[in-house]
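Note sheet for the following structure.
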Amino acid sequence: PDLEPNSVWNEAWTKLDMCESSEPCDVSGPDIGTAAQCYLEINPALTPEVCGPLLTPDFLEYLVPAADCLLEVAAGWSLPLFVCLGCAQQIGSSNVLEKICDPEKNIIRNLCVDECYTPAQQECESVIQTALLCATSSPPVVDDGIIYGGQAYGPDYECSAL
């Protein structure tokens with residue numbers, strides 16, 4: 001998907017809850033799963049040319065800790081990471097902060113409880129929240145009718161800072 005400013009990008013940016021004082025998190029919402037595969041080096045078809053632009057400093061700082069935590073509790077098995085990420089991408093564009101940070105209502109403990117909040121994965125909650133705050137704060141991209149990003153929860157992407 002095109003991440004350069006254009007009319008769709010500008011329309012999505014204005015419609016969503018983006019404040020001017022916050023820089024977007026430099027990740028590509030629709031490509032987070034692919035970037036995770038690049039980071040884990042589990043798909044030989046993903047070349048350095050594909051992976052290079054996806055493995056941004058923000059991806060490495062804000063999303064990799066969630067991947068590493070989920071991999072650690074799953075003893076190196078990557079499926080729980082992708083199942084949790086797949087579920088968490090259903091977050092939508094309304095009440096995003098509540099869906100990520102509210103301890104009673106967040107997506108990790110509710111909609112995605114089976115995928116992201118097993119007893120072993122509970123220790124990963126805060127780094128998953130950081131990853132979701134970064135991903136939803138990425139530049140807005142419309143891909144297949146879905147708007148990714150466009151929120152403003154940086155620069156630290158931590159629930160405790162909001």
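Residue names in the structure tokens use chain letters A, B, ... in the order shown, residue numbers from 1 in each chain, and ligand numbers from 1 in the order shown.
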Based on the backbone DSSP call, show me all residues of chain A assigned helix (DSSP H, G or I), as a PyMOL selection string.
chain A and resi 7-15+29-40+48-54+57-73+79-91+96-101+113-116+121-136+159-161
Hey, what's within 9 Å of range 98-102 of chain A if we count only C-alpha atoms and toss same-chain stuff fewer than 2 positions away? As a ChimeraX atom specification, please?
/A:91,94-96,104-108,126,128-130,132-133,158-160,162
Would you mind exporting the chosen residues as a short mmCIF file (atom, residue, chain, number, x, y, z; two decimals), in the first residue's frame, restricted to all heavy atoms?
```cif
data_model
loop_
_atom_site.label_atom_id
_atom_site.label_comp_id
_atom_site.auth_asym_id
_atom_site.auth_seq_id
_atom_site.Cartn_x
_atom_site.Cartn_y
_atom_site.Cartn_z
N ILE A 91 -9.45 -4.43 15.70
CA ILE A 91 -9.70 -3.38 16.67
C ILE A 91 -10.63 -2.29 16.14
O ILE A 91 -11.35 -1.67 16.90
CB ILE A 91 -8.37 -2.79 17.19
CG1 ILE A 91 -8.60 -2.10 18.51
CG2 ILE A 91 -7.72 -1.88 16.16
CD1 ILE A 91 -7.36 -1.94 19.31
N SER A 94 -12.98 2.99 16.20
CA SER A 94 -13.71 3.75 17.22
C SER A 94 -13.35 3.22 18.60
O SER A 94 -13.09 2.03 18.78
CB SER A 94 -15.22 3.66 16.99
OG SER A 94 -15.64 2.33 17.11
N ASN A 95 -13.30 4.11 19.57
CA ASN A 95 -12.95 3.78 20.96
C ASN A 95 -11.65 3.01 21.04
O ASN A 95 -11.51 2.09 21.84
CB ASN A 95 -14.07 2.98 21.64
CG ASN A 95 -15.38 3.71 21.63
OD1 ASN A 95 -15.43 4.92 21.87
ND2 ASN A 95 -16.45 3.00 21.34
N VAL A 96 -10.68 3.36 20.22
CA VAL A 96 -9.44 2.60 20.12
C VAL A 96 -8.68 2.59 21.44
O VAL A 96 -8.22 1.54 21.88
CB VAL A 96 -8.55 3.15 18.97
CG1 VAL A 96 -7.19 2.49 18.97
CG2 VAL A 96 -9.26 2.93 17.64
N GLU A 104 -10.59 -3.42 31.89
CA GLU A 104 -11.84 -4.18 31.89
C GLU A 104 -12.37 -4.46 30.48
O GLU A 104 -13.10 -5.42 30.27
CB GLU A 104 -12.92 -3.43 32.69
CG GLU A 104 -12.53 -3.16 34.13
CD GLU A 104 -12.24 -4.44 34.91
OE1 GLU A 104 -12.98 -5.42 34.74
OE2 GLU A 104 -11.25 -4.43 35.67
N LYS A 105 -12.03 -3.60 29.53
CA LYS A 105 -12.65 -3.68 28.21
C LYS A 105 -11.66 -3.92 27.07
O LYS A 105 -12.07 -3.98 25.92
CB LYS A 105 -13.40 -2.37 27.92
CG LYS A 105 -14.49 -2.06 28.91
CD LYS A 105 -15.12 -0.73 28.60
CE LYS A 105 -16.16 -0.37 29.66
NZ LYS A 105 -16.74 0.93 29.44
N ASN A 106 -10.38 -4.02 27.37
CA ASN A 106 -9.42 -4.05 26.25
C ASN A 106 -9.55 -5.33 25.42
O ASN A 106 -10.01 -6.36 25.87
CB ASN A 106 -7.98 -3.78 26.72
CG ASN A 106 -7.32 -4.94 27.42
OD1 ASN A 106 -7.43 -6.09 26.99
ND2 ASN A 106 -6.62 -4.65 28.50
N ILE A 107 -9.11 -5.20 24.18
CA ILE A 107 -9.25 -6.27 23.20
C ILE A 107 -8.48 -7.53 23.60
O ILE A 107 -8.87 -8.64 23.30
CB ILE A 107 -8.81 -5.76 21.79
CG1 ILE A 107 -9.26 -6.74 20.70
CG2 ILE A 107 -7.32 -5.50 21.74
CD1 ILE A 107 -9.19 -6.17 19.32
N ILE A 108 -7.39 -7.34 24.34
CA ILE A 108 -6.55 -8.47 24.74
C ILE A 108 -7.29 -9.36 25.74
O ILE A 108 -7.21 -10.58 25.69
CB ILE A 108 -5.22 -7.97 25.33
CG1 ILE A 108 -4.47 -7.16 24.27
CG2 ILE A 108 -4.36 -9.12 25.83
CD1 ILE A 108 -3.40 -6.25 24.84
N SER A 126 1.33 -5.72 28.41
CA SER A 126 1.77 -4.34 28.22
C SER A 126 2.55 -4.16 26.91
O SER A 126 2.39 -3.13 26.24
CB SER A 126 2.60 -3.84 29.40
OG SER A 126 3.82 -4.53 29.48
N ILE A 128 2.10 -5.99 24.20
CA ILE A 128 1.09 -6.09 23.14
C ILE A 128 0.35 -4.77 23.02
O ILE A 128 0.08 -4.27 21.92
CB ILE A 128 0.10 -7.26 23.39
CG1 ILE A 128 0.81 -8.61 23.34
CG2 ILE A 128 -1.03 -7.23 22.36
CD1 ILE A 128 -0.05 -9.77 23.81
N GLN A 129 0.02 -4.15 24.16
CA GLN A 129 -0.65 -2.85 24.13
C GLN A 129 0.23 -1.81 23.43
O GLN A 129 -0.27 -1.03 22.61
CB GLN A 129 -0.97 -2.40 25.55
CG GLN A 129 -2.10 -3.18 26.17
CD GLN A 129 -2.29 -2.87 27.65
OE1 GLN A 129 -1.32 -2.73 28.40
NE2 GLN A 129 -3.54 -2.76 28.07
N THR A 130 1.51 -1.79 23.74
CA THR A 130 2.43 -0.85 23.09
C THR A 130 2.44 -1.09 21.58
O THR A 130 2.38 -0.15 20.79
CB THR A 130 3.85 -0.98 23.67
OG1 THR A 130 3.82 -0.55 25.03
CG2 THR A 130 4.86 -0.15 22.90
N LEU A 132 0.08 -2.39 19.74
CA LEU A 132 -1.20 -1.95 19.18
C LEU A 132 -1.29 -0.42 19.13
O LEU A 132 -1.81 0.14 18.16
CB LEU A 132 -2.37 -2.51 19.99
CG LEU A 132 -2.59 -4.01 19.88
CD1 LEU A 132 -3.66 -4.47 20.87
CD2 LEU A 132 -2.98 -4.39 18.46
N LEU A 133 -0.80 0.26 20.16
CA LEU A 133 -0.82 1.73 20.15
C LEU A 133 0.04 2.27 19.01
O LEU A 133 -0.34 3.22 18.33
CB LEU A 133 -0.35 2.29 21.50
CG LEU A 133 -1.33 2.11 22.65
CD1 LEU A 133 -0.67 2.48 23.98
CD2 LEU A 133 -2.59 2.94 22.44
N GLU A 158 2.56 3.91 25.27
CA GLU A 158 2.32 3.16 26.50
C GLU A 158 1.01 3.61 27.11
O GLU A 158 0.75 4.81 27.22
CB GLU A 158 3.46 3.39 27.50
CG GLU A 158 4.78 2.83 27.05
CD GLU A 158 5.90 3.12 28.05
OE1 GLU A 158 5.61 3.68 29.12
OE2 GLU A 158 7.05 2.79 27.72
N CYS A 159 0.20 2.67 27.54
CA CYS A 159 -1.09 3.01 28.14
C CYS A 159 -0.91 3.89 29.37
O CYS A 159 -1.70 4.81 29.61
CB CYS A 159 -1.86 1.74 28.52
SG CYS A 159 -2.48 0.85 27.06
N SER A 160 0.14 3.65 30.15
CA SER A 160 0.35 4.42 31.37
C SER A 160 0.67 5.89 31.09
O SER A 160 0.49 6.74 31.95
CB SER A 160 1.48 3.80 32.20
OG SER A 160 2.68 3.81 31.46
N LEU A 162 -0.83 7.69 28.76
CA LEU A 162 -1.98 8.35 28.12
C LEU A 162 -3.03 8.77 29.13
O LEU A 162 -3.22 8.24 30.14
CB LEU A 162 -2.59 7.43 27.07
CG LEU A 162 -1.62 7.05 25.96
CD1 LEU A 162 -2.21 5.97 25.09
CD2 LEU A 162 -1.30 8.27 25.13
#
```
Could you tell me, as a PyMOL selection string, which residues of range 7-161 of chain A DSSP assigns to strand (DSSP E or B) when given the backbone?
chain A and resi 141-143+146-148
Atoms kept (C-alpha atoms) for selection, written as a PDB file, in the first residue's frame:
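Once everything was written out, this is again.pdb:
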```pdb
ATOM      1  CA  VAL A 141      -3.701   3.662   4.917  1.00  0.00           C
ATOM      2  CA  VAL A 142      -6.851   2.450   3.204  1.00  0.00           C
ATOM      3  CA  ASP A 143      -6.366  -1.134   2.062  1.00  0.00           C
ATOM      4  CA  ILE A 146     -10.109  -1.037   5.765  1.00  0.00           C
ATOM      5  CA  ILE A 147      -8.473   2.033   7.293  1.00  0.00           C
ATOM      6  CA  TYR A 148      -5.287   1.177   9.180  1.00  0.00           C
TER       7      TYR A 148
END
```
How many Å separate CA of Leu40 in chain A from CA of Ser137 in chain A?
23.1 Å
12 Å contact set for range 45-57 of chain A, only C-alpha atoms, chain neighbours under 3 positions out, as a PyMOL selection string:
chain A and resi 1+3+25-42+60-64+134+138
So how far away is CA of Tyr157 in chain A from CA of Arg109 in chain A, in Å?
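Result for CA of Arg109 in chain A versus CA of Tyr157 in chain A: 18.7 Å, one decimal.
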Shell around Ala74 in chain A at 10 Å using only C-alpha atoms, local window under 6 positions removed, as a ChimeraX atom specification:
/A:68,80-81,120-121
Written selection (C-alpha atoms) as a compact mmCIF listing (two decimals), in the first residue's frame:
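Produced file out.txt, reproduced below:
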```
# COMPACT_ATOMS: atom_id res chain seq x y z
CA ASP A 68 9.60 -11.66 21.34
CA PRO A 80 0.48 -17.84 18.85
CA LEU A 81 2.06 -14.57 17.75
CA ALA A 120 1.33 -17.77 29.96
CA GLN A 121 0.70 -14.73 27.76
```
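Counting only C-alpha atoms and comparing A:Gly92, A:Gly86, A:Gly149, A:Pro65, the residue that lies closest to Ala131 in chain A is A:Pro65.
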Of the listed residues A:Pro155, A:Pro24, A:Val73, A:Asn43, that which approaches Pro119 in chain A most closely, counting only C-alpha atoms:
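The answer is A:Val73, which sits nearest to Pro119 in chain A.
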Given the choices A:Leu97, A:Ala67, A:Ala88, A:Ala75, which gets closest to Glu115 in chain A if the distance is worked out from only C-alpha atoms?
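Smallest distance to Glu115 in chain A is found for A:Ala88.
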